[in-house]
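Structure below is upload_23.pdb: PDB, C-alpha atoms.
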```pdb
ATOM      1  CA  MET A   1      21.140 -10.252   7.787  1.00  0.00           C
ATOM      2  CA  PRO A   2      18.669 -13.108   8.102  1.00  0.00           C
ATOM      3  CA  THR A   3      19.012 -15.687   5.341  1.00  0.00           C
ATOM      4  CA  SER A   4      15.385 -15.242   4.292  1.00  0.00           C
ATOM      5  CA  LEU A   5      15.969 -11.674   3.078  1.00  0.00           C
ATOM      6  CA  ASP A   6      17.304 -10.234  -0.166  1.00  0.00           C
ATOM      7  CA  ALA A   7      18.971  -6.817   0.097  1.00  0.00           C
ATOM      8  CA  VAL A   8      18.591  -4.716  -3.041  1.00  0.00           C
ATOM      9  CA  PRO A   9      20.850  -1.623  -3.138  1.00  0.00           C
ATOM     10  CA  ILE A  10      19.052   1.707  -3.610  1.00  0.00           C
ATOM     11  CA  GLY A  11      21.995   3.979  -2.819  1.00  0.00           C
ATOM     12  CA  SER A  12      25.653   3.960  -1.924  1.00  0.00           C
ATOM     13  CA  GLY A  13      25.482   3.674   1.880  1.00  0.00           C
ATOM     14  CA  PRO A  14      25.470   0.390   3.810  1.00  0.00           C
ATOM     15  CA  THR A  15      21.867   0.870   4.913  1.00  0.00           C
ATOM     16  CA  ASP A  16      20.686   2.160   1.535  1.00  0.00           C
ATOM     17  CA  VAL A  17      18.939  -1.080   0.648  1.00  0.00           C
ATOM     18  CA  ASP A  18      15.431  -2.374   0.230  1.00  0.00           C
ATOM     19  CA  LEU A  19      14.784  -5.664   1.981  1.00  0.00           C
ATOM     20  CA  TYR A  20      12.539  -8.296   0.420  1.00  0.00           C
ATOM     21  CA  ILE A  21      11.647 -11.752   1.674  1.00  0.00           C
ATOM     22  CA  LYS A  22      13.137 -14.238  -0.787  1.00  0.00           C
ATOM     23  CA  PRO A  23      10.382 -15.745  -2.948  1.00  0.00           C
ATOM     24  CA  ASP A  24      11.275 -19.314  -1.949  1.00  0.00           C
ATOM     25  CA  LYS A  25      11.077 -18.361   1.747  1.00  0.00           C
ATOM     26  CA  PHE A  26       8.031 -16.088   1.557  1.00  0.00           C
ATOM     27  CA  SER A  27       5.315 -18.660   2.212  1.00  0.00           C
ATOM     28  CA  ASP A  28       7.107 -20.038   5.271  1.00  0.00           C
ATOM     29  CA  VAL A  29       8.250 -16.722   6.780  1.00  0.00           C
ATOM     30  CA  PHE A  30       5.298 -14.445   6.029  1.00  0.00           C
ATOM     31  CA  LEU A  31       2.396 -16.874   5.754  1.00  0.00           C
ATOM     32  CA  SER A  32       3.518 -19.841   7.906  1.00  0.00           C
ATOM     33  CA  ASN A  33       2.647 -21.985   4.870  1.00  0.00           C
ATOM     34  CA  ARG A  34      -1.072 -21.355   5.373  1.00  0.00           C
ATOM     35  CA  LEU A  35      -2.081 -20.272   1.871  1.00  0.00           C
ATOM     36  CA  ASP A  36      -1.939 -22.192  -1.387  1.00  0.00           C
ATOM     37  CA  GLN A  37       1.300 -21.799  -3.320  1.00  0.00           C
ATOM     38  CA  GLY A  38      -0.332 -19.834  -6.143  1.00  0.00           C
ATOM     39  CA  ARG A  39      -1.547 -17.112  -3.789  1.00  0.00           C
ATOM     40  CA  ALA A  40       1.769 -17.167  -1.887  1.00  0.00           C
ATOM     41  CA  ARG A  41       3.688 -16.611  -5.143  1.00  0.00           C
ATOM     42  CA  VAL A  42       1.477 -13.642  -6.049  1.00  0.00           C
ATOM     43  CA  LEU A  43       2.015 -12.099  -2.611  1.00  0.00           C
ATOM     44  CA  ALA A  44       5.763 -12.705  -2.796  1.00  0.00           C
ATOM     45  CA  ALA A  45       5.951 -11.034  -6.204  1.00  0.00           C
ATOM     46  CA  SER A  46       3.940  -8.016  -5.047  1.00  0.00           C
ATOM     47  CA  GLN A  47       5.548  -7.494  -1.643  1.00  0.00           C
ATOM     48  CA  ARG A  48       6.596  -3.993  -0.617  1.00  0.00           C
ATOM     49  CA  PRO A  49      10.177  -3.604   0.581  1.00  0.00           C
ATOM     50  CA  VAL A  50      11.313  -2.323   3.947  1.00  0.00           C
ATOM     51  CA  THR A  51      14.573  -0.581   4.742  1.00  0.00           C
ATOM     52  CA  PRO A  52      16.768  -1.563   7.688  1.00  0.00           C
ATOM     53  CA  VAL A  53      16.401   1.969   9.069  1.00  0.00           C
ATOM     54  CA  ALA A  54      12.605   1.589   9.355  1.00  0.00           C
ATOM     55  CA  GLY A  55      12.836  -0.556  12.465  1.00  0.00           C
ATOM     56  CA  ALA A  56      15.600   1.483  14.055  1.00  0.00           C
ATOM     57  CA  GLU A  57      14.207   5.015  13.863  1.00  0.00           C
ATOM     58  CA  PRO A  58      12.367   6.144  16.994  1.00  0.00           C
ATOM     59  CA  SER A  59       8.915   7.576  16.423  1.00  0.00           C
ATOM     60  CA  LYS A  60       8.237  11.116  17.597  1.00  0.00           C
ATOM     61  CA  ALA A  61       4.914  10.395  19.275  1.00  0.00           C
ATOM     62  CA  ALA A  62       3.214   7.088  19.900  1.00  0.00           C
ATOM     63  CA  ALA A  63      -0.580   7.295  19.785  1.00  0.00           C
ATOM     64  CA  TRP A  64      -0.920   4.322  22.143  1.00  0.00           C
ATOM     65  CA  LYS A  65       0.542   6.455  24.931  1.00  0.00           C
ATOM     66  CA  THR A  66      -2.553   8.673  25.006  1.00  0.00           C
ATOM     67  CA  ILE A  67      -5.434   6.737  23.448  1.00  0.00           C
ATOM     68  CA  PRO A  68      -6.799   3.204  23.898  1.00  0.00           C
ATOM     69  CA  SER A  69      -5.371   0.580  21.569  1.00  0.00           C
ATOM     70  CA  TRP A  70      -6.230  -2.914  20.396  1.00  0.00           C
ATOM     71  CA  TYR A  71      -3.689  -5.480  19.288  1.00  0.00           C
ATOM     72  CA  LEU A  72      -4.021  -8.707  17.368  1.00  0.00           C
ATOM     73  CA  VAL A  73      -1.191 -11.090  18.254  1.00  0.00           C
ATOM     74  CA  ALA A  74      -0.571 -13.715  15.594  1.00  0.00           C
ATOM     75  CA  THR A  75       0.727 -16.696  17.563  1.00  0.00           C
ATOM     76  CA  ASP A  76       2.519 -18.208  14.555  1.00  0.00           C
ATOM     77  CA  ASP A  77       4.256 -15.005  13.407  1.00  0.00           C
ATOM     78  CA  ARG A  78       7.598 -16.011  11.896  1.00  0.00           C
ATOM     79  CA  THR A  79       8.360 -12.485  10.682  1.00  0.00           C
ATOM     80  CA  THR A  80       8.161 -10.286  13.781  1.00  0.00           C
ATOM     81  CA  GLY A  81       7.917 -13.076  16.332  1.00  0.00           C
ATOM     82  CA  THR A  82       4.999 -13.795  18.622  1.00  0.00           C
ATOM     83  CA  GLU A  83       6.874 -12.822  21.801  1.00  0.00           C
ATOM     84  CA  ASN A  84       7.801  -9.472  20.248  1.00  0.00           C
ATOM     85  CA  LEU A  85       4.147  -8.867  19.401  1.00  0.00           C
ATOM     86  CA  ARG A  86       3.068  -9.754  22.937  1.00  0.00           C
ATOM     87  CA  TYR A  87       5.693  -7.389  24.347  1.00  0.00           C
ATOM     88  CA  MET A  88       4.513  -4.494  22.142  1.00  0.00           C
ATOM     89  CA  ALA A  89       0.865  -5.122  23.003  1.00  0.00           C
ATOM     90  CA  LYS A  90       1.627  -5.230  26.729  1.00  0.00           C
ATOM     91  CA  ARG A  91       3.793  -2.098  26.582  1.00  0.00           C
ATOM     92  CA  ALA A  92       0.946  -0.241  24.878  1.00  0.00           C
ATOM     93  CA  GLY A  93      -1.593  -1.461  27.433  1.00  0.00           C
ATOM     94  CA  SER A  94      -3.627  -2.792  24.521  1.00  0.00           C
ATOM     95  CA  THR A  95      -6.764  -4.843  24.594  1.00  0.00           C
ATOM     96  CA  THR A  96      -5.210  -7.945  23.101  1.00  0.00           C
ATOM     97  CA  VAL A  97      -6.645 -10.809  21.098  1.00  0.00           C
ATOM     98  CA  GLU A  98      -4.489 -13.795  20.140  1.00  0.00           C
ATOM     99  CA  VAL A  99      -5.130 -15.741  16.958  1.00  0.00           C
ATOM    100  CA  ASP A 100      -3.401 -18.878  15.688  1.00  0.00           C
ATOM    101  CA  ALA A 101      -2.203 -17.187  12.519  1.00  0.00           C
ATOM    102  CA  PRO A 102       0.926 -16.035  10.666  1.00  0.00           C
ATOM    103  CA  HIS A 103       2.294 -12.521  10.263  1.00  0.00           C
ATOM    104  CA  ALA A 104      -0.074 -11.929   7.332  1.00  0.00           C
ATOM    105  CA  VAL A 105      -3.123 -12.642   9.469  1.00  0.00           C
ATOM    106  CA  MET A 106      -5.232 -10.374   7.266  1.00  0.00           C
ATOM    107  CA  GLU A 107      -4.660 -12.819   4.404  1.00  0.00           C
ATOM    108  CA  THR A 108      -5.274 -16.059   6.311  1.00  0.00           C
ATOM    109  CA  ASP A 109      -7.799 -14.971   8.952  1.00  0.00           C
ATOM    110  CA  PRO A 110      -9.591 -11.814   7.759  1.00  0.00           C
ATOM    111  CA  GLY A 111     -12.557 -12.561  10.022  1.00  0.00           C
ATOM    112  CA  ALA A 112     -10.355 -12.302  13.124  1.00  0.00           C
ATOM    113  CA  VAL A 113      -9.046  -8.934  11.932  1.00  0.00           C
ATOM    114  CA  THR A 114     -12.582  -7.701  11.243  1.00  0.00           C
ATOM    115  CA  ASP A 115     -13.777  -8.891  14.655  1.00  0.00           C
ATOM    116  CA  LEU A 116     -10.995  -6.979  16.420  1.00  0.00           C
ATOM    117  CA  ILE A 117     -11.717  -3.800  14.448  1.00  0.00           C
ATOM    118  CA  LEU A 118     -15.409  -4.061  15.325  1.00  0.00           C
ATOM    119  CA  GLN A 119     -14.546  -4.698  18.983  1.00  0.00           C
ATOM    120  CA  ALA A 120     -12.344  -1.603  19.032  1.00  0.00           C
ATOM    121  CA  ALA A 121     -15.054   0.477  17.361  1.00  0.00           C
ATOM    122  CA  HIS A 122     -17.649  -0.565  19.921  1.00  0.00           C
ATOM    123  CA  ASP A 123     -15.532  -0.751  23.093  1.00  0.00           C
ATOM    124  CA  SER A 124     -14.124   2.702  23.370  1.00  0.00           C
ATOM    125  CA  ARG A 125     -13.811   6.104  21.914  1.00  0.00           C
ATOM    126  CA  PRO A 126     -11.018   8.501  22.878  1.00  0.00           C
ATOM    127  CA  SER A 127     -12.199  11.247  25.179  1.00  0.00           C
ATOM    128  CA  LEU A 128     -12.453  14.776  23.853  1.00  0.00           C
ATOM    129  CA  ALA A 129      -9.417  15.879  25.848  1.00  0.00           C
ATOM    130  CA  LYS A 130      -7.236  13.121  24.451  1.00  0.00           C
ATOM    131  CA  THR A 131      -8.090  13.938  20.847  1.00  0.00           C
ATOM    132  CA  GLY A 132      -7.602  17.679  21.352  1.00  0.00           C
ATOM    133  CA  THR A 133     -11.204  18.430  20.406  1.00  0.00           C
ATOM    134  CA  SER A 134     -12.892  21.038  22.564  1.00  0.00           C
ATOM    135  CA  THR A 135     -16.471  20.843  23.777  1.00  0.00           C
ATOM    136  CA  ARG A 136     -17.169  24.033  21.794  1.00  0.00           C
ATOM    137  CA  THR A 137     -15.957  22.361  18.582  1.00  0.00           C
ATOM    138  CA  VAL A 138     -18.221  19.388  19.190  1.00  0.00           C
ATOM    139  CA  ALA A 139     -21.188  21.694  19.892  1.00  0.00           C
ATOM    140  CA  LEU A 140     -20.538  23.689  16.714  1.00  0.00           C
ATOM    141  CA  GLY A 141     -20.148  20.521  14.692  1.00  0.00           C
ATOM    142  CA  SER A 142     -23.399  19.142  16.087  1.00  0.00           C
ATOM    143  CA  ALA A 143     -25.215  22.406  15.378  1.00  0.00           C
ATOM    144  CA  SER A 144     -23.864  22.376  11.821  1.00  0.00           C
ATOM    145  CA  ALA A 145     -25.057  18.816  11.285  1.00  0.00           C
ATOM    146  CA  LEU A 146     -28.522  19.737  12.570  1.00  0.00           C
ATOM    147  CA  ALA A 147     -28.624  22.785  10.300  1.00  0.00           C
ATOM    148  CA  VAL A 148     -27.705  20.717   7.243  1.00  0.00           C
ATOM    149  CA  ALA A 149     -30.304  18.074   8.135  1.00  0.00           C
ATOM    150  CA  GLY A 150     -32.928  20.775   8.712  1.00  0.00           C
ATOM    151  CA  GLY A 151     -32.083  22.423   5.389  1.00  0.00           C
ATOM    152  CA  ALA A 152     -32.337  19.111   3.579  1.00  0.00           C
ATOM    153  CA  ALA A 153     -35.746  18.493   5.147  1.00  0.00           C
ATOM    154  CA  LEU A 154     -36.951  21.939   3.998  1.00  0.00           C
ATOM    155  CA  VAL A 155     -35.737  21.335   0.430  1.00  0.00           C
ATOM    156  CA  LEU A 156     -37.479  17.946   0.301  1.00  0.00           C
ATOM    157  CA  ARG A 157     -40.675  19.444   1.698  1.00  0.00           C
ATOM    158  CA  ALA A 158     -40.568  22.292  -0.841  1.00  0.00           C
ATOM    159  CA  ARG A 159     -40.047  19.839  -3.702  1.00  0.00           C
ATOM    160  CA  ARG A 160     -42.942  17.678  -2.549  1.00  0.00           C
ATOM    161  CA  SER A 161     -45.301  20.615  -2.238  1.00  0.00           C
ATOM    162  CA  GLY A 162     -44.139  21.909  -5.637  1.00  0.00           C
ATOM    163  CA  SER A 163     -44.877  18.568  -7.298  1.00  0.00           C
ATOM    164  CA  ASP A 164     -48.393  18.551  -5.830  1.00  0.00           C
ATOM    165  CA  ALA A 165     -49.231  21.875  -7.528  1.00  0.00           C
TER     166      ALA A 165
END
```
Here is a file; write its structure as structure tokens.
Amino acid sequence: MPTSLDAVPIGSGPTDVDLYIKPDKFSDVFLSNRLDQGRARVLAASQRPVTPVAGAEPSKAAAWKTIPSWYLVATDDRTTGTENLRYMAKRAGSTTVEVDAPHAVMETDPGAVTDLILQAAHDSRPSLAKTGTSTRTVALGSASALAVAGGAALVLRARRSGSDA
């Protein structure tokens, strides 16, 4: 077990533990010492644990295998490791952006995270086939939206003409 982690038993088995980053190591490991100590202490005290099994269990289906993905690689990630992040991004065929940031990039560089989300929102949209949505479903949904909009317009028009009387 890495020396920066505390294992807190939650059961009787050897893997029945919650792992926390030790408070005195948190700023270095999770934040690469990029936030003031007051904020780092608050984050250390409010961290959510992880179990050793979490990284070992295979997922049943990986979304990146069938839909486009975007990946932000923090080049100063001392938690997962920058090379591990690059490997995962490459394996997923992700559109990748690298940022000089720690593991908690959302804390130190929220603008970079926002920019990547906006890029993903504008760059691509999964095709209908990949999301399992049929053309008929889209047509019905569109017709429903038009009907609701039309109904709203009629109600507004009726209210306006009623207020004129």
(Q) Ranking A:Ser94, A:Gln37, A:Asn84, A:Ser46 by minimum distance to A:Pro68 and counting all atoms listed in the file, which one comes first? (A)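 Answer, going by the shortest atom-to-atom distance: A:Ser94.
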Q: Would you translate the PyMOL selection byres ((chain A and resi 90-92) around 9) into the concrete set of residues it matches in this file, as an MDAnalysis selection string?
A: chainID A and resid 64:65 68:71 85:89 93:96
(Q) the PyMOL selection byres ((chain A and resi 26) around 12) - which residues does that actually catch in the file I just gave you? List them as number ranges by chain. (A) A: 3-6, 20-25, 27-35, 37-47, 78-79, 102-104
Q: List the residues selected by the PyMOL selection byres ((chain A and resi 99) around 10) in the file shown, writing them as a list in words.
A: Leu72, Val73, Ala74, Thr75, Asp76, Thr96, Val97, Glu98, Asp100, Ala101, Pro102, Val105, Asp109, Ala112 and Val113 of chain A
Would you export the selected residues with C-alpha atoms as a short mmCIF file (atom, residue, chain, number, x, y, z; two decimals), in the frame of the given file, please?
```
data_model
loop_
_atom_site.label_atom_id
_atom_site.label_comp_id
_atom_site.auth_asym_id
_atom_site.auth_seq_id
_atom_site.Cartn_x
_atom_site.Cartn_y
_atom_site.Cartn_z
CA LEU A 72 -4.02 -8.71 17.37
CA VAL A 73 -1.19 -11.09 18.25
CA ALA A 74 -0.57 -13.72 15.59
CA THR A 75 0.73 -16.70 17.56
CA ASP A 76 2.52 -18.21 14.56
CA THR A 96 -5.21 -7.94 23.10
CA VAL A 97 -6.64 -10.81 21.10
CA GLU A 98 -4.49 -13.80 20.14
CA ASP A 100 -3.40 -18.88 15.69
CA ALA A 101 -2.20 -17.19 12.52
CA PRO A 102 0.93 -16.04 10.67
CA VAL A 105 -3.12 -12.64 9.47
CA ASP A 109 -7.80 -14.97 8.95
CA ALA A 112 -10.36 -12.30 13.12
CA VAL A 113 -9.05 -8.93 11.93
#
```
Q) What is the atom CA of A:Pro49 to atom CA of A:Ala7 distance in Å? A) 9.4 Å
Q | Residue nearest A:Pro52 - candidates A:Leu116, A:Ala121, A:Asp18, A:Glu107, atoms counted: only C-alpha atoms | A |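 Nearest candidate to A:Pro52 out of A:Leu116, A:Ala121, A:Asp18, A:Glu107: A:Asp18.
As for atom CA of A:Arg48 and atom CA of A:Gly13, they are spaced 20.5 Å apart.
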